[in-house]
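Enquirer: Handing you this structure, nothing more for now.
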4 protein chains.
Amino acid sequence: MAERSQSPLQKHLYEVIFGTETPAGKRFDLWLIWMIVLSVLVLMIDSVMWLQQSWQTALDIAEWVFTLAFAAEYCVRIYCSPQRRRYIFSFYGVVDLLSILPSFLELLMPGANFLLIVRLLRVLRIFRILKLVRYLTDANILVRAVVYSRHKIFVFFMSVLVLSVIFGSLMYLVEGPTNGFSSIPKSIYWTIVTITTVGYGDITPQTWLGQIIAAAAMLTGYSILAVPTGIFTAELSQEMQKQRVQLACKGCGKTGHETDAVYCRFCGHGLK
Amino acid sequence: MAERSQSPLQKHLYEVIFGTETPAGKRFDLWLIWMIVLSVLVLMIDSVMWLQQSWQTALDIAEWVFTLAFAAEYCVRIYCSPQRRRYIFSFYGVVDLLSILPSFLELLMPGANFLLIVRLLRVLRIFRILKLVRYLTDANILVRAVVYSRHKIFVFFMSVLVLSVIFGSLMYLVEGPTNGFSSIPKSIYWTIVTITTVGYGDITPQTWLGQIIAAAAMLTGYSILAVPTGIFTAELSQEMQKQRVQLACKGCGKTGHETDAVYCRFCGHGLK
Amino acid sequence: MAERSQSPLQKHLYEVIFGTETPAGKRFDLWLIWMIVLSVLVLMIDSVMWLQQSWQTALDIAEWVFTLAFAAEYCVRIYCSPQRRRYIFSFYGVVDLLSILPSFLELLMPGANFLLIVRLLRVLRIFRILKLVRYLTDANILVRAVVYSRHKIFVFFMSVLVLSVIFGSLMYLVEGPTNGFSSIPKSIYWTIVTITTVGYGDITPQTWLGQIIAAAAMLTGYSILAVPTGIFTAELSQEMQKQRVQLACKGCGKTGHETDAVYCRFCGHGLK
Amino acid sequence: MAERSQSPLQKHLYEVIFGTETPAGKRFDLWLIWMIVLSVLVLMIDSVMWLQQSWQTALDIAEWVFTLAFAAEYCVRIYCSPQRRRYIFSFYGVVDLLSILPSFLELLMPGANFLLIVRLLRVLRIFRILKLVRYLTDANILVRAVVYSRHKIFVFFMSVLVLSVIFGSLMYLVEGPTNGFSSIPKSIYWTIVTITTVGYGDITPQTWLGQIIAAAAMLTGYSILAVPTGIFTAELSQEMQKQRVQLACKGCGKTGHETDAVYCRFCGHGLK
């Protein structure tokens with residue numbers, strides 16, 4: 001972790017841009033959130049045909065204001081970061097870069113507007129919204145419950161996929177291409193639509209055997225919703241109970257004792 | 001809180017109309033509930049074309065009976081309220097006013113029937129039904145659990161919105177206007193329809209890549225339903241455990257006795 | 001409770017038909033369950049046009065065999081019941097009667113086949129299936145949890161209805177009859193379809209304001225599903241914890257003590 | 001359990017193929033998982049018309065490579081198994097056989113390609129994916145919670161079926177064949193689609209009475225989702241609490257210590 005020595009300006013900028021404790025840092029964060037939300041809104045309006053045609057100039061200007069502002073922010077972040085390489089290759093560093101790149105690429109290749117790659121990059125700017133995640137500090141307990149239950153959730157997802165493959169293949173066999181189940185992948189797509197209880201209705205079983213299998217798939221999906229809910233609820237309950245007693249043991253300093261604990265469960269020191 | 005001195009009539013009316021303890025107060029409340037439910041029913045019937053045409057006179061009379069009754073109630077509430085200003089600007093005061101205003105406005109502007117603003121105000125009368133909330137006294141524990149979990153629920157809603165923006169933009173890019181995803185806002189609408197497992201089927205993905213992304217959105221929505229359920233269940237469990245007699249045993253000082261306990265389950269000392 | 005004196009035959013029949021302890025009683029119950037399931041199946045097949053036409057005679061015979069068997073069972077139940085009046089007017093007595101009545105009514109009014117009232121009574125025979133509920137003895141704990149949470153569930157249902165009325169009226173105003181929202185009751189039906197995340201797609205919002213309100217209704221419905229789940233889970237957890245210690249107090253005979261209880265919470269007697 | 005004496009080669013193969021502890025056994029398992037996933041993917045691609053036509057030769061070759069590999073695996077499993085009969089008739093033995101049989105049957109009856117029975121057997125190969133279940137060792141606690149709650153889940157399923165029969169019959173009566181409810185079984189299919197909140201929209205109620213009954217079915221389905229979730233969550237919570245160290249403190253005899261506890265939280269005595 002060899003940190004370069006920073007100039008006073010770099011230190012000050014670092015505190016404002018990366019820090020969240022100082023009043024200046026908080027004000028900067030608030031500004032940034034508004035910039036992100038507004039830039040995403042401009043991107044949305046830009047995609048609505050009739051709005052885009054009547055406000056074309058205003059939208060183009062707004063687009064370039066946001067791109068330049070985010071580009072400036074990106075440069076300053078690199079400038080004041082004590083470990084430049086680490087920031088650039090961090091998750092937020094890549095997001096910051098991807099959110100400004102498409103506009104510049106369009107400038108370099110003016111006739112390339114219609115290329116798929118540019119259209120794809122343009123949408124990447126939407127990831128600017130991920131920057132908001134930084135500010136959801138209240139999400140810690142939820143994230144921890146999700147992290148603790150990730151193994152069980154993974155097992156659940158695998159089971160749903162295996163179920164979808166089996167039900168999908170059965171439906172492909174029973175209904176066949178004449179009723180819209182034109183291939184096994186399409187049948188699996190239908191099964192996921194059904195098991196998750198979304199139910200678009202673009203493909204529906206027509207034969208009585210297909211309808212019986214579909215009913216079985218629905219009841220399965222309806223019931224196994226209990227599994228992720230049960231896993232998450234049980235983990236969250238435990239997580240919230242742990243938060244009950246925050247008082248630290250005077251012997252070893254550890255927290256997380258249950259409400260009826262008289263002695264520390266780590267070092268045996270009396271708690272009261 | 002400078003209360004005006006009230007005449008005996010005002011005091012009596014106040015007890016009947018605002019109070020819920022006296023027999024007269026209870027009878028008034030019961031009458032009011034029936035009035036509200038009936039007036040909302042009349043409003044509904046009024047919106048059904050063929051019913052409205054055959055019963056026009058009866059519906060108009062009923063509408064005016066209810067409007068006059070609620071207007072009289074509103075005036076008496078103002079008259080007998082010790083703090084008039086506070087009642088008028090309270091939530092229920094505004095609801096009471098809004099539920100009678102539209103009918104009078106239609107009287108003042110007889111030819112304005114077709115104006116949007118009048119149509120909008122007419123529907124506001126439906127808010128009369130909110131008066132019913134007053135009588136759901138059993139809802140306290142539920143409301144408290146909702147209040148305690150509001151921060152986590154807010155984080156969850158933000159996450160769902162961010163997810164919807166990302167999935168919606170991806171689908172706009174992949175499917176495009178030719179398959180019904182005509183703009184990013186419309187794609188976000190489709191994503192919310194899919195993630196909440198509603199699934200109208202008015203817009204559905206047609207390409208294989210779009211169907212894969214749609215399946216991912218469905219599975220995400222199907223699984224994250226666990227999050228609000230887990231939050232609310234954990235809060236409600238804690239709330240219900242708190243309700244176990246809060247009083248401590250005089251013999252050993254321990255708490256956590258069940259509501260129907262007469263003797264302490266730890267030392268056998270009488271609890272009451 | 002003045003019971004008539006029963007003959008030995010009546011007593012024996014009572015034990016077999018109403019009782020569930022003796023081997024003969026169990027055998028009778030098993031037969032009855034099969035009869036009910038088969039008679040419901042016959043009724044179903046009878047409603048499928050092409051099956052009904054090809055098997056008409058067999059279905060008619062089966063129908064009359066079941067009707068006569070259930071009629072015989074009904075008569076014997078009345079004959080051997082010690083409190084006849086009480087059985088006849090009990091829930092199961094009425095179900096038993098309703099399940100045989102339609103066939104006899106069709107016999108009495110042979111040309112009345114097409115009358116709505118006869119069609120309605122014919123379907124009542126399906127309630128035979130409710131007799132099965134008697135045999136779901138494992139359902140006690142579930143029923144108890146439902147009973148304890150009925151007040152909270154009622155509050156929840158009222159809230160959903162009020163929400164549906166408000167959302168439905170808004171959508172009627174915003175979308176109007178041209179987009180399928182032809183009346184407030186129809187809009188409320190649409191709202192219930194949306195809030196419960198069923199989402200048929202027979203009526204869908206077309207305007208952008210309608211789609212925003214619809215998205216709000218979906219997210220509301222998606223989140224408040226947490227409420228009945230939370231209520232039921234919390235009640236069921238408590239109910240299952242109560243079952244943990246079944247040992248009865250030697251002092252007062254009551255059970256339901258918690259696992260860490262040393263003294264009976266009802267009489268203070270030592271438990272161990 | 002009379003085991004045949006095994007040759008050293010058989011013992012070694014048994015350890016590699018059936019065992020999961022040795023490095024060779026683990027490597028074999030990993031290979032097998034990849035083979036299964038790939039063979040299912042080939043089967044899927046084979047069902048997509050345009051992919052099947054352009055890659056026909058490659059797909060046929062892949063199909064035969066997988067079939068021969070699984071056939072070799074099946075033979076070796078029989079060869080090295082100490083109790084052959086038991087393996088062949090075990091669940092996985094039957095799955096192993098069924099996953100290779102269809103390809104050989106097609107070879108034996110080359111012109112039988114179009115027969116339904118062969119199409120049915122071909123799809124059975126998808127059950128190869130069930131072999132993956134062997135590797136989901138993390139699923140134990142989930143499976144145990146499912147097993148413990150199976151009686152209650154069965155009662156729930158029965159109730160849903162009874163509800164579906166009653167609602168379905170009512171809708172058949174109210175809507176009738178003209179609105180798509182062409183028979184009671186079809187109406188029951190519609191009811192399951194509605195109660196599980198899938199909601200395809202291929203059949204929808206058209207009359208106002210039908211829409212009221214449909215709304216009641218939706219609200220019922222929306223609420224009773226709480227039942228399996230509550231059952232599973234309560235069982236899983238108990239299962240997870242049981243995992244808290246079962247050992248009692250030697251000092252005071254109390255149990256219920258957390259898994260990371262070193263000292264008793266009631267008397268401070270060392271736990272290990």
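All residue names refer to the structure tokens as shown: chains lettered A, B, ... in order, residues numbered from 1 in each chain, ligands numbered from 1 in order.
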Which residues of chain B have any atom within 8 Å of an atom in chain A when counting only C-alpha atoms, and what is the closest pair of atoms for each, with the distance in Å to one decimal? Order the rows by chain and rising number and write it as CSV.
Expert:
```
residue,atom,partner,partner_atom,distance
B:His151,CA,A:Asp138,CA,7.1
B:Lys152,CA,A:Ala139,CA,6.9
B:Val155,CA,A:Ala139,CA,6.3
B:Val162,CA,A:Ile129,CA,7.0
B:Val165,CA,A:Ile126,CA,7.7
B:Ile166,CA,A:Ile126,CA,6.7
B:Ser169,CA,A:Val123,CA,6.5
B:Leu170,CA,A:Val123,CA,7.2
B:Leu173,CA,A:Leu120,CA,6.9
B:Ser182,CA,A:Val48,CA,7.3
B:Ser183,CA,A:Val48,CA,4.9
B:Ile184,CA,A:Met44,CA,5.4
B:Pro185,CA,A:Met44,CA,6.2
B:Thr194,CA,A:Val198,CA,6.4
B:Thr196,CA,A:Val198,CA,7.9
B:Thr197,CA,A:Val198,CA,4.1
B:Val198,CA,A:Val198,CA,5.5
B:Gly199,CA,A:Val198,CA,4.7
B:Tyr200,CA,A:Tyr200,CA,5.5
B:Gly201,CA,A:Tyr200,CA,4.0
B:Asp202,CA,A:Tyr200,CA,7.9
B:Thr204,CA,A:Tyr200,CA,7.3
B:Gln211,CA,A:Tyr189,CA,6.8
B:Ile212,CA,A:Tyr189,CA,7.5
B:Ala215,CA,A:Ile192,CA,6.4
B:Met218,CA,A:Thr196,CA,6.5
B:Leu219,CA,A:Thr196,CA,6.6
B:Tyr222,CA,A:Thr196,CA,5.7
B:Ser223,CA,A:Pro228,CA,6.2
B:Leu225,CA,A:Thr229,CA,7.3
B:Ala226,CA,A:Thr229,CA,4.0
B:Val227,CA,A:Phe232,CA,6.9
B:Thr229,CA,A:Thr229,CA,6.8
B:Gly230,CA,A:Thr233,CA,4.0
B:Ile231,CA,A:Thr233,CA,7.0
B:Thr233,CA,A:Thr233,CA,7.0
B:Ala234,CA,A:Ser237,CA,5.3
```
Enquirer: Counting only C-alpha atoms, what is within 8 Å of region 78-80 of chain A, bar same-chain residues fewer than 6 positions away, as a PDB file with C-alpha atoms, in the first residue's frame?
Expert:
```pdb
ATOM      1  CA  GLN A   6      -0.110  14.298  -1.440  1.00  0.00           C
ATOM      2  CA  GLN A  10      -4.927  16.999  -3.282  1.00  0.00           C
ATOM      3  CA  LYS A  11      -5.636  16.308   0.388  1.00  0.00           C
ATOM      4  CA  LEU A  13     -10.008  17.677  -2.739  1.00  0.00           C
ATOM      5  CA  TYR A  14      -9.777  14.071  -1.478  1.00  0.00           C
ATOM      6  CA  TYR A  87      -9.282   3.787  -7.857  1.00  0.00           C
ATOM      7  CA  ILE A  88      -9.193   3.386 -11.649  1.00  0.00           C
TER       8      ILE A  88
END
```
Enquirer: Can you pull out every residue within 12 Å of His12 (chain B), counting only C-alpha atoms, but drop anything in the same chain fewer than 3 positions away, and send it as a PyMOL selection string?
Expert: chain B and resi 6-9+15-19+22+24-25+76-77+79-82
